[in-house]
Amino acid sequence: MNILFDERLDGELARRDKTEVLTDIQQAVPTLTLLHREEDLRPFECDGLAAYRVLPMLVALPENLEQVEALLKRCHALDVPVVTRGAGTGLSGGALPLEQGVLLVMSRFNKILSVDPDARMARVQPGVRNLAISEAAAPYGLYYAPDPSSQIACSIGGNVAENAGGVHCLKYGLTVHNVLRVDVLTIEGERMTLGAESLDAPGFDLLALMNGSEGMLGVVTEITVKLLPKPETAKVLMASFDDVEKAGRAVGDIIAAGIIPGGLEMMDKLAIKAAEDFVKAGYPLDAEAILLCELDGVEADVDDDCETVRRVLEKAGATQIQQARDELERAKFWAGRKNAFPAVGRMSPDYYCMDGTIPRCELPRVLKGIAALSEQSGLAVANVFHAGDGNMHPLILFDANKEGELALAEEVGGKILELCVAAGGSITGEHGVGREKINQMCSQFQADEISVFHALKAAFDPKRLLNPGKNIPTLARCAEFGAMHVHNNELPHPELPRF
Amino acid sequence: MTDLAIHAADRDISERLCEQVRTAYETRTPLRIVGGDTRAFYGRPVEGQPLCIAEHSGIVSYDPVELVVTVRAGTRLSALQKALAEHHQMLAFEPPSFGENSTIGGAVATGLSGPRRPWAGAARDFVLGTRVITQEGKLLRFGGEVMKNVAGYDLSRLMAGAQGTLGVLADISFKVLPIPTANHCLRLPMSLEDALNKLAELGRLPLPITAAAWHAGELYIRLEGGNSSVKATQERLGGEPLEASFWRSLANQTHGFFHLEDGKALWRLSLPPHTAPLALDIPEADIFYDWGGSQRWVKTTLDATTLRNACQAAGGHATCYTPQTQGGAAEPFTPLNSVVEKYHRNLKAELDVHGIFNPGRLYAAF
């Protein structure tokens, strides 16, 4: 299945002569760095979803707000689409360029503008790396909570675009819960501030809307994030299970005991083996599943909670429970989990990472479904799971050099996401829809719901110039791919031609 | 759901509501969306045919282990809170209630949050998904009943605080949290300046504080968390014990402070954390600092422009809680700048083209 922009289904894009566009923008913004030669454009042809590559018409590397503003005004006047990109680590192809479009790379907006320890907030530019914010806040005993596993490299602007999560979401929230204010430029080049340094702002909550909007509503130029006091201590328990379902039930039991862990992660046998071979985290190779449960907060409370969790895990049938003895061992336990993706990468030439979410109680059923899909397709699937918040990351192992295996992996991936939707979940918990899951959107939403999304988009960008083709499918695409949510056995929009 | 039905009349009238909206859309009849009718004071008056939500009530699903509850908008706040408390859980944003008839739909539509807001999050932070009746009278689902879901635009959170001007909230799914095992509330005599500095200092430490207010020479603090940390912090801070109900009286504005006289209006000033006292001609007795200083209630006869200019200079905004008919400001909400207003109008035009949903509730123009 090819997910590249298809004008027949995704809507027509204006055709502009590259030289004319280049000259126009150069004249309007003479100081702006613009790349246009093929060898210069090549490094920008994909983001973290590297299976798909498109050479953009032009790459713009602005250094200040005035340049972005002027660039957007010209693109708007010329009907040239704009795809905004941060660090390019996104896994759903949200920053996949367009042949007829400008790729707006915000990486030079990389300054931390201020850290205010008394107000517990930091003002940063969108190209600042996620981890750099916590590093800048550390001298004050503060940190920025959302920690996607790419946090060394990913930028905060991209985090806002995708509403990025991480392993601590259940307790500390997603990006949307930790951003106080964003400054954006509209496609018409107007400056707009959404949210505020105060805890609310008048009018509609456009700040919430901007988070996770995948660069479709505006270009984020500055972000004010909330900082939290670093927990006094964090302790990790690792529990082994001889049965995946038991591990799944133990997750619910911990929550039922009134405990909200800082992190609660699960890995299945294949993922355990991959991680152990790679980083020697001390994981039990004979276990069918392990749970990592991190409890953080004030020392005395954490000790109490560790005891409670230990009892819960024992009762849930854990075959072995280990508490990290010190910071070194805690880091080792986490190293296995945090390196699970590259570890799986070593076992197989390629892997395809999924990002579905489900209600936790559906875990056993969905895992069974995944196992069946794996068996039918002959492709192994390793499961890594933010168990606390029901966010699954099945990793489908395949070899792109084998004829048809990429397509097969994508097909299995698509079916896994449909399983998640059928279980009452979502096709994406934190990686975003981007281009990757554009067709699966049709199984999560009905045509009328998708029409409302288009209406929202039209309120901000009626010419559909900001990141066209991402996030929200056209109804024509949904009709074509047949995955359209069928409600009461009636096909929505019977007037649309089907192929 | 029989055990849950005990708390909330279990009735789904969404089809009827959709039909009413469809008719209003066709006949271009403005609707005034009403739940328990306890929040009409908040916002501009709406002229329209009432669309009554209160009957659309009941808990649709609640699984404490999932930390998720889905509830019909007309459900009484008190009924929902009772059902959650039976499982030692709560709505962590501590929604204010303005009477027994207050509904959860009204709580989300107004987007108001109680004293726990700075530490736990706002109403919108706990909204996972909604079922919304659109202008064409269609019942559509946005978001979901899972903790993480980034598929499509976050329409559900947009509805929180939009006061029904973009659509009718029918059902809402929330993330709920366990009620903390231990709590202790205390009061400390302290000057305002010392209190604000103290709060900034404490805010940088990992302490189990979940509410902090200052009024008339006293700092009020609530501690919630594990037994050990609450006890340790209580010993560290000292002070006199305080009734836990103090915080409810603050959230629900039943505290004596909220009694108005001498033609004064009640204003809510929302300011960045650690903002110094504003240079306004208001006696200290007429100011109540909540949210660790970020939310300040003032009783004053000062005009809207004076208050708003002072707040804006400090990076915040001011909302008038007293209706115009009782001496409050004509525009209760801070006017938007021209760019932001343009996109508000665009949004309203897309989602409510005929202006049938609570027209003029937020701003006269839409």
# chains A, B, ... in the order shown; residues from 1 in each chain; ligands from 1
call {"tool": "residues_around", "arguments": {"residues": "A:Leu34", "least_positions_apart": "4", "cutoff": "10 Å", "atoms": "only C-alpha atoms", "output": "MDAnalysis selection string"}}
result
chainID A and resid 22 25:26 29:30 40:41 58:62 102:104
call {"tool": "write_last_selection", "arguments": {"atoms": "C-alpha atoms", "output": "PDB file, in the first residue's frame"}}
result
ATOM      1  CA  LEU A  22      12.269  30.147  -5.496  1.00  0.00           C
ATOM      2  CA  ILE A  25      10.528  33.858  -1.993  1.00  0.00           C
ATOM      3  CA  GLN A  26      14.162  34.896  -2.383  1.00  0.00           C
ATOM      4  CA  VAL A  29      12.814  37.268   2.109  1.00  0.00           C
ATOM      5  CA  PRO A  30      16.377  37.769   0.890  1.00  0.00           C
ATOM      6  CA  ASP A  40      20.746  19.699  -0.494  1.00  0.00           C
ATOM      7  CA  LEU A  41      17.123  18.600  -0.359  1.00  0.00           C
ATOM      8  CA  LEU A  58      12.257  23.728  -1.496  1.00  0.00           C
ATOM      9  CA  VAL A  59      13.567  23.599   2.049  1.00  0.00           C
ATOM     10  CA  ALA A  60      13.415  26.801   4.135  1.00  0.00           C
ATOM     11  CA  LEU A  61      15.617  27.153   7.224  1.00  0.00           C
ATOM     12  CA  PRO A  62      14.455  30.378   8.904  1.00  0.00           C
ATOM     13  CA  VAL A 102       8.003  24.015   0.858  1.00  0.00           C
ATOM     14  CA  LEU A 103       9.434  22.148   3.827  1.00  0.00           C
ATOM     15  CA  LEU A 104       9.652  24.658   6.679  1.00  0.00           C
TER      16      LEU A 104
END
call {"tool": "closest_atom_pairs", "arguments": {"of": "chain A", "to": "chain B", "cutoff": "7 Å", "atoms": "only C-alpha atoms", "output": "tab-separated table"}}
result
residue	atom	partner	partner_atom	distance
A:Asp118	CA	B:Ala200	CA	5.1
A:Ala119	CA	B:Pro273	CA	4.9
A:Gly141	CA	B:Arg204	CA	6.8
A:Leu142	CA	B:Arg204	CA	6.8
A:Asn163	CA	B:Val150	CA	6.9
A:His177	CA	B:Asp125	CA	6.2
A:Met192	CA	B:Val340	CA	6.3
A:Glu197	CA	B:Pro272	CA	4.9
A:Ser198	CA	B:Pro272	CA	3.8
A:Leu199	CA	B:Pro272	CA	6.9
A:Pro202	CA	B:Thr334	CA	6.1
A:Phe204	CA	B:Ala162	CA	5.5
A:Asp205	CA	B:Leu158	CA	5.2
A:Leu206	CA	B:Leu158	CA	6.7
A:Ala208	CA	B:Arg157	CA	6.2
A:Leu209	CA	B:Asp154	CA	5.3
A:Gly212	CA	B:Val150	CA	6.3
A:Ser213	CA	B:Tyr153	CA	5.8
A:Pro229	CA	B:Arg204	CA	5.2
A:Lys230	CA	B:Pro206	CA	6.4
A:Pro231	CA	B:Pro206	CA	5.6
A:Glu232	CA	B:Pro206	CA	6.4
A:Gly252	CA	B:Val65	CA	5.5
A:Ile255	CA	B:Val65	CA	5.9
A:Ala256	CA	B:Val65	CA	5.2
A:Gly258	CA	B:Pro178	CA	5.4
A:Val298	CA	B:Ser229	CA	6.2
A:Ala300	CA	B:Ser228	CA	5.5
A:Asp301	CA	B:Gly226	CA	5.2
A:Thr357	CA	B:Lys148	CA	6.7
A:Ile358	CA	B:Val146	CA	6.2
A:Pro359	CA	B:Val146	CA	5.7
A:Arg360	CA	B:Glu66	CA	6.4
A:Asp389	CA	B:Met147	CA	5.4
A:Gly390	CA	B:Met147	CA	7.0
A:Asn391	CA	B:Lys148	CA	6.9
A:Gly425	CA	B:Val146	CA	6.2
A:Ser426	CA	B:Asn149	CA	5.8
A:Ile427	CA	B:Ala151	CA	6.7
A:Thr428	CA	B:Val150	CA	5.7
A:Gly429	CA	B:Asn149	CA	4.4
A:Glu430	CA	B:Val150	CA	6.0
A:Gly432	CA	B:Val150	CA	5.8
A:Val433	CA	B:Ala151	CA	6.0
A:Glu449	CA	B:Leu140	CA	6.1
A:Phe453	CA	B:Tyr153	CA	6.6
A:Ala455	CA	B:Glu350	CA	5.6
A:Leu456	CA	B:Leu347	CA	6.5
A:Ala459	CA	B:Asn346	CA	4.8
A:Phe460	CA	B:Tyr343	CA	6.5
A:Asn471	CA	B:Gly152	CA	6.2
A:Ile472	CA	B:Gly152	CA	6.3
call {"tool": "select_by_dssp", "arguments": {"residues": "stretch 101-248 of chain B", "states": "alpha helix (DSSP H)", "output": "JSON, numbers by chain"}}
result
{"B": [104, 105, 106, 107, 108, 109, 110, 117, 118, 119, 120, 155, 156, 157, 158, 159, 192, 193, 194, 195, 196, 197, 198, 199, 200, 201, 202, 203, 227, 228, 229, 230, 231, 232, 233, 234, 235, 236, 237, 245, 246, 247, 248]}
call {"tool": "write_last_selection", "arguments": {"atoms": "C-alpha atoms", "output": "compact mmCIF listing (two decimals), in the first residue's frame"}}
result
# COMPACT_ATOMS: atom_id res chain seq x y z
CA ILE B 104 -21.60 17.72 34.85
CA GLY B 105 -22.41 19.08 31.39
CA GLY B 106 -22.52 22.60 32.79
CA ALA B 107 -19.29 21.99 34.68
CA VAL B 108 -17.49 21.06 31.45
CA ALA B 109 -19.20 23.67 29.29
CA THR B 110 -18.09 26.44 31.65
CA ARG B 117 -6.35 23.23 39.50
CA PRO B 118 -2.67 24.33 39.62
CA TRP B 119 -1.53 20.92 40.88
CA ALA B 120 -3.89 18.47 39.17
CA LEU B 155 -12.54 18.61 19.60
CA SER B 156 -13.49 17.34 23.06
CA ARG B 157 -11.13 19.64 24.92
CA LEU B 158 -12.22 22.50 22.66
CA MET B 159 -15.78 22.00 23.94
CA LEU B 192 0.70 38.56 51.82
CA GLU B 193 4.25 39.20 50.72
CA ASP B 194 5.62 36.39 52.88
CA ALA B 195 2.86 34.07 51.71
CA LEU B 196 3.58 34.63 48.01
CA ASN B 197 7.29 34.06 48.59
CA LYS B 198 6.59 31.00 50.69
CA LEU B 199 4.37 29.55 47.97
CA ALA B 200 7.05 30.11 45.32
CA GLU B 201 9.59 28.38 47.53
CA LEU B 202 7.28 25.45 48.34
CA GLY B 203 6.26 25.15 44.69
CA ASN B 227 0.29 9.05 54.94
CA SER B 228 4.00 9.51 55.43
CA SER B 229 4.51 12.53 53.21
CA VAL B 230 1.40 14.34 54.48
CA LYS B 231 2.51 13.81 58.05
CA ALA B 232 6.07 14.94 57.33
CA THR B 233 4.90 18.07 55.49
CA GLN B 234 2.37 18.87 58.19
CA GLU B 235 5.19 18.78 60.74
CA ARG B 236 7.38 20.91 58.51
CA LEU B 237 4.75 23.61 57.93
CA SER B 245 -14.79 21.92 53.82
CA PHE B 246 -13.05 25.31 53.57
CA TRP B 247 -11.93 24.40 50.04
CA ARG B 248 -15.41 23.43 48.94
call {"tool": "residues_around", "arguments": {"residues": "stretch 77-83 of chain B", "least_positions_apart": "5", "cutoff": "12 Å", "atoms": "only C-alpha atoms", "output": "MDAnalysis selection string"}}
result
chainID B and resid 1:10 35:36 38 54 57:64 69:72 88:108 172 174 176:177 179
call {"tool": "write_last_selection", "arguments": {"atoms": "C-alpha atoms", "output": "short mmCIF file (atom, residue, chain, number, x, y, z; two decimals), in the first residue's frame"}}
result
data_model
loop_
_atom_site.label_atom_id
_atom_site.label_comp_id
_atom_site.auth_asym_id
_atom_site.auth_seq_id
_atom_site.Cartn_x
_atom_site.Cartn_y
_atom_site.Cartn_z
CA MET B 1 -25.63 -0.25 35.39
CA THR B 2 -28.36 -0.71 37.97
CA ASP B 3 -26.09 0.04 40.92
CA LEU B 4 -24.98 3.25 39.25
CA ALA B 5 -28.54 4.17 38.36
CA ILE B 6 -29.23 4.57 42.05
CA HIS B 7 -27.29 7.81 41.97
CA ALA B 8 -28.43 9.22 38.68
CA ALA B 9 -31.67 8.83 36.80
CA ASP B 10 -30.68 6.69 33.86
CA GLY B 35 -28.59 21.86 32.34
CA GLY B 36 -29.33 22.59 35.98
CA THR B 38 -27.14 27.14 38.03
CA ALA B 54 -31.10 17.80 32.61
CA SER B 57 -28.69 11.81 32.71
CA GLY B 58 -27.02 8.76 34.10
CA ILE B 59 -23.67 7.08 34.15
CA VAL B 60 -23.16 5.27 30.85
CA SER B 61 -20.16 3.27 31.99
CA TYR B 62 -17.73 3.33 34.86
CA ASP B 63 -14.88 0.96 35.38
CA PRO B 64 -12.78 2.12 38.35
CA VAL B 69 -16.18 7.21 33.61
CA THR B 70 -18.61 8.10 30.84
CA VAL B 71 -21.58 10.13 31.89
CA ARG B 72 -24.54 11.90 30.28
CA HIS B 88 -12.51 6.01 46.32
CA GLN B 89 -12.18 8.01 43.14
CA MET B 90 -12.87 11.60 42.15
CA LEU B 91 -12.94 14.23 39.45
CA ALA B 92 -9.52 15.65 40.22
CA PHE B 93 -10.29 19.13 38.85
CA GLU B 94 -12.71 19.64 41.72
CA PRO B 95 -15.50 21.20 39.65
CA PRO B 96 -17.31 24.05 41.38
CA SER B 97 -20.97 23.42 41.98
CA PHE B 98 -23.46 26.26 42.25
CA GLY B 99 -26.38 24.34 43.69
CA GLU B 100 -27.81 20.86 43.94
CA ASN B 101 -29.00 21.06 40.33
CA SER B 102 -25.50 21.69 38.94
CA THR B 103 -24.80 19.21 36.16
CA ILE B 104 -21.60 17.72 34.85
CA GLY B 105 -22.41 19.08 31.39
CA GLY B 106 -22.52 22.60 32.79
CA ALA B 107 -19.29 21.99 34.68
CA VAL B 108 -17.49 21.06 31.45
CA ILE B 172 -18.54 13.08 28.37
CA PHE B 174 -13.37 11.60 32.02
CA VAL B 176 -10.76 9.92 37.15
CA LEU B 177 -8.19 9.54 39.92
CA ILE B 179 -8.89 9.98 46.30
#
call {"tool": "residues_around", "arguments": {"residues": "B:Leu250", "least_positions_apart": "4", "cutoff": "9 Å", "atoms": "only C-alpha atoms", "output": "mmCIF file with N, CA and C atoms, in the first residue's frame"}}
result
data_model
loop_
_atom_site.group_PDB
_atom_site.id
_atom_site.type_symbol
_atom_site.label_atom_id
_atom_site.label_comp_id
_atom_site.auth_asym_id
_atom_site.auth_seq_id
_atom_site.Cartn_x
_atom_site.Cartn_y
_atom_site.Cartn_z
ATOM 1 N N PRO B 96 -16.415 23.284 40.536
ATOM 2 C CA PRO B 96 -17.311 24.054 41.384
ATOM 3 C C PRO B 96 -18.765 23.664 41.099
ATOM 4 N N GLY B 114 -11.684 23.811 40.412
ATOM 5 C CA GLY B 114 -11.587 24.187 41.813
ATOM 6 C C GLY B 114 -10.154 24.400 42.292
ATOM 7 N N PRO B 115 -9.968 24.424 43.617
ATOM 8 C CA PRO B 115 -8.670 24.770 44.199
ATOM 9 C C PRO B 115 -7.503 23.864 43.773
ATOM 10 N N SER B 245 -13.661 21.333 54.551
ATOM 11 C CA SER B 245 -14.785 21.924 53.819
ATOM 12 C C SER B 245 -14.504 23.368 53.390
ATOM 13 N N PHE B 246 -13.460 23.970 53.970
ATOM 14 C CA PHE B 246 -13.051 25.314 53.574
ATOM 15 C C PHE B 246 -12.873 25.402 52.058
ATOM 16 N N THR B 254 -19.402 29.700 48.458
ATOM 17 C CA THR B 254 -20.326 29.818 49.591
ATOM 18 C C THR B 254 -19.598 30.421 50.793
ATOM 19 N N HIS B 255 -18.304 30.590 50.683
ATOM 20 C CA HIS B 255 -17.510 31.237 51.730
ATOM 21 C C HIS B 255 -18.017 32.682 51.913
ATOM 22 N N PHE B 257 -16.695 35.403 52.129
ATOM 23 C CA PHE B 257 -16.045 36.414 51.309
ATOM 24 C C PHE B 257 -16.891 36.797 50.100
ATOM 25 N N PHE B 258 -17.600 35.800 49.564
ATOM 26 C CA PHE B 258 -18.298 36.019 48.295
ATOM 27 C C PHE B 258 -19.599 36.811 48.433
ATOM 28 N N ASP B 290 -6.413 32.556 45.515
ATOM 29 C CA ASP B 290 -6.521 31.094 45.455
ATOM 30 C C ASP B 290 -5.472 30.597 44.451
#
call {"tool": "residues_around", "arguments": {"residues": "B:His56", "least_positions_apart": "2", "cutoff": "9 Å", "atoms": "only C-alpha atoms", "output": "list in words"}}
result
Ala9, Asp10, Arg11, Asp12, Ile13, Ser14, Leu17, Cys52, Ile53, Ala54, Gly58, Arg72, Ala73, Gly74, Thr75, Ala170 and Asp171 of chain B
call {"tool": "closest_residue", "arguments": {"among": "B:Gln312, B:Ser113, B:Gln253, B:Asn183", "to": "B:Glu224", "atoms": "only C-alpha atoms"}}
result
B:Asn183
call {"tool": "closest_residue", "arguments": {"among": "A:Glu375, A:Glu276, A:Asp17, A:Glu69", "to": "A:Gln100", "atoms": "only C-alpha atoms"}}
result
A:Asp17
call {"tool": "select_by_dssp", "arguments": {"residues": "stretch 29-84 of chain B", "states": "strand (DSSP E)", "output": "mmCIF file with N, CA and C atoms, in the first residue's frame"}}
result
data_model
loop_
_atom_site.group_PDB
_atom_site.id
_atom_site.type_symbol
_atom_site.label_atom_id
_atom_site.label_comp_id
_atom_site.auth_asym_id
_atom_site.auth_seq_id
_atom_site.Cartn_x
_atom_site.Cartn_y
_atom_site.Cartn_z
ATOM 1 N N LEU B 31 -30.895 28.678 20.328
ATOM 2 C CA LEU B 31 -31.169 27.811 21.467
ATOM 3 C C LEU B 31 -30.377 28.291 22.678
ATOM 4 N N ARG B 32 -31.029 28.211 23.825
ATOM 5 C CA ARG B 32 -30.315 28.462 25.081
ATOM 6 C C ARG B 32 -30.176 27.097 25.750
ATOM 7 N N ILE B 33 -28.957 26.600 25.820
ATOM 8 C CA ILE B 33 -28.729 25.251 26.341
ATOM 9 C C ILE B 33 -28.729 25.309 27.865
ATOM 10 N N VAL B 34 -29.582 24.510 28.476
ATOM 11 C CA VAL B 34 -29.752 24.563 29.931
ATOM 12 C C VAL B 34 -29.575 23.180 30.544
ATOM 13 N N GLN B 49 -34.600 29.710 22.616
ATOM 14 C CA GLN B 49 -35.528 28.676 23.074
ATOM 15 C C GLN B 49 -34.731 27.702 23.935
ATOM 16 N N PRO B 50 -35.218 27.380 25.145
ATOM 17 C CA PRO B 50 -34.413 26.497 26.002
ATOM 18 C C PRO B 50 -34.268 25.093 25.396
ATOM 19 N N LEU B 51 -33.046 24.573 25.447
ATOM 20 C CA LEU B 51 -32.800 23.179 25.082
ATOM 21 C C LEU B 51 -32.388 22.499 26.392
ATOM 22 N N CYS B 52 -33.302 21.713 26.939
ATOM 23 C CA CYS B 52 -33.099 21.207 28.300
ATOM 24 C C CYS B 52 -32.379 19.868 28.298
ATOM 25 N N ILE B 59 -25.038 7.491 34.439
ATOM 26 C CA ILE B 59 -23.665 7.077 34.153
ATOM 27 C C ILE B 59 -23.726 5.981 33.095
ATOM 28 N N VAL B 60 -23.107 6.224 31.966
ATOM 29 C CA VAL B 60 -23.164 5.271 30.850
ATOM 30 C C VAL B 60 -22.259 4.085 31.136
ATOM 31 N N SER B 61 -21.061 4.358 31.610
ATOM 32 C CA SER B 61 -20.157 3.265 31.991
ATOM 33 C C SER B 61 -19.140 3.802 32.986
ATOM 34 N N TYR B 62 -18.742 2.935 33.874
ATOM 35 C CA TYR B 62 -17.733 3.325 34.862
ATOM 36 C C TYR B 62 -16.978 2.078 35.275
ATOM 37 N N ASP B 63 -15.711 2.059 34.943
ATOM 38 C CA ASP B 63 -14.877 0.956 35.383
ATOM 39 C C ASP B 63 -13.721 1.569 36.177
ATOM 40 N N VAL B 68 -11.768 5.428 34.153
ATOM 41 C CA VAL B 68 -12.559 6.158 33.158
ATOM 42 C C VAL B 68 -14.044 6.071 33.514
ATOM 43 N N VAL B 69 -14.726 7.206 33.450
ATOM 44 C CA VAL B 69 -16.177 7.207 33.606
ATOM 45 C C VAL B 69 -16.777 7.962 32.420
ATOM 46 N N THR B 70 -17.881 7.415 31.899
ATOM 47 C CA THR B 70 -18.606 8.105 30.836
ATOM 48 C C THR B 70 -19.993 8.422 31.362
ATOM 49 N N VAL B 71 -20.380 9.678 31.212
ATOM 50 C CA VAL B 71 -21.579 10.134 31.893
ATOM 51 C C VAL B 71 -22.383 11.049 30.963
ATOM 52 N N ARG B 72 -23.704 10.999 31.091
ATOM 53 C CA ARG B 72 -24.538 11.897 30.283
ATOM 54 C C ARG B 72 -24.473 13.306 30.870
#
call {"tool": "closest_residue", "arguments": {"among": "A:Glu327, A:Glu222, A:Glu45, A:Glu480", "to": "A:Gln125", "atoms": "only C-alpha atoms"}}
result
A:Glu222
call {"tool": "residues_around", "arguments": {"residues": "B:Glu19", "least_positions_apart": "4", "cutoff": "8 Å", "atoms": "only C-alpha atoms", "output": "PDB file with N, CA and C atoms, in the first residue's frame"}}
result
ATOM      1  N   GLU B  15     -31.722  11.312  21.249  1.00  0.00           N
ATOM      2  CA  GLU B  15     -32.447  11.393  19.963  1.00  0.00           C
ATOM      3  C   GLU B  15     -33.379  12.596  19.920  1.00  0.00           C
ATOM      4  N   THR B  23     -34.360  20.839  14.180  1.00  0.00           N
ATOM      5  CA  THR B  23     -35.437  21.799  13.923  1.00  0.00           C
ATOM      6  C   THR B  23     -34.929  23.235  14.056  1.00  0.00           C
ATOM      7  N   GLY B 137     -27.724  18.490  14.045  1.00  0.00           N
ATOM      8  CA  GLY B 137     -28.474  17.568  14.885  1.00  0.00           C
ATOM      9  C   GLY B 137     -27.952  16.146  14.824  1.00  0.00           C
TER      10      GLY B 137
END
call {"tool": "closest_residue", "arguments": {"among": "A:Asn159, A:Arg330, A:Ile223, A:Met216", "to": "A:Val236", "atoms": "only C-alpha atoms"}}
result
A:Arg330
call {"tool": "residues_around", "arguments": {"residues": "stretch 24-27 of chain B", "least_positions_apart": "5", "cutoff": "7 Å", "atoms": "only C-alpha atoms", "output": "ChimeraX atom specification"}}
result
/B:135-136,354,356
call {"tool": "closest_residue", "arguments": {"among": "B:Arg76, B:Ala276, B:Asp352, B:Ser173", "to": "B:Ala123", "atoms": "only C-alpha atoms"}}
result
B:Ser173
call {"tool": "atom_distance", "arguments": {"atom1": "atom CA of A:Lys315", "atom2": "atom CA of A:Cys420"}}
result
28.5 Å
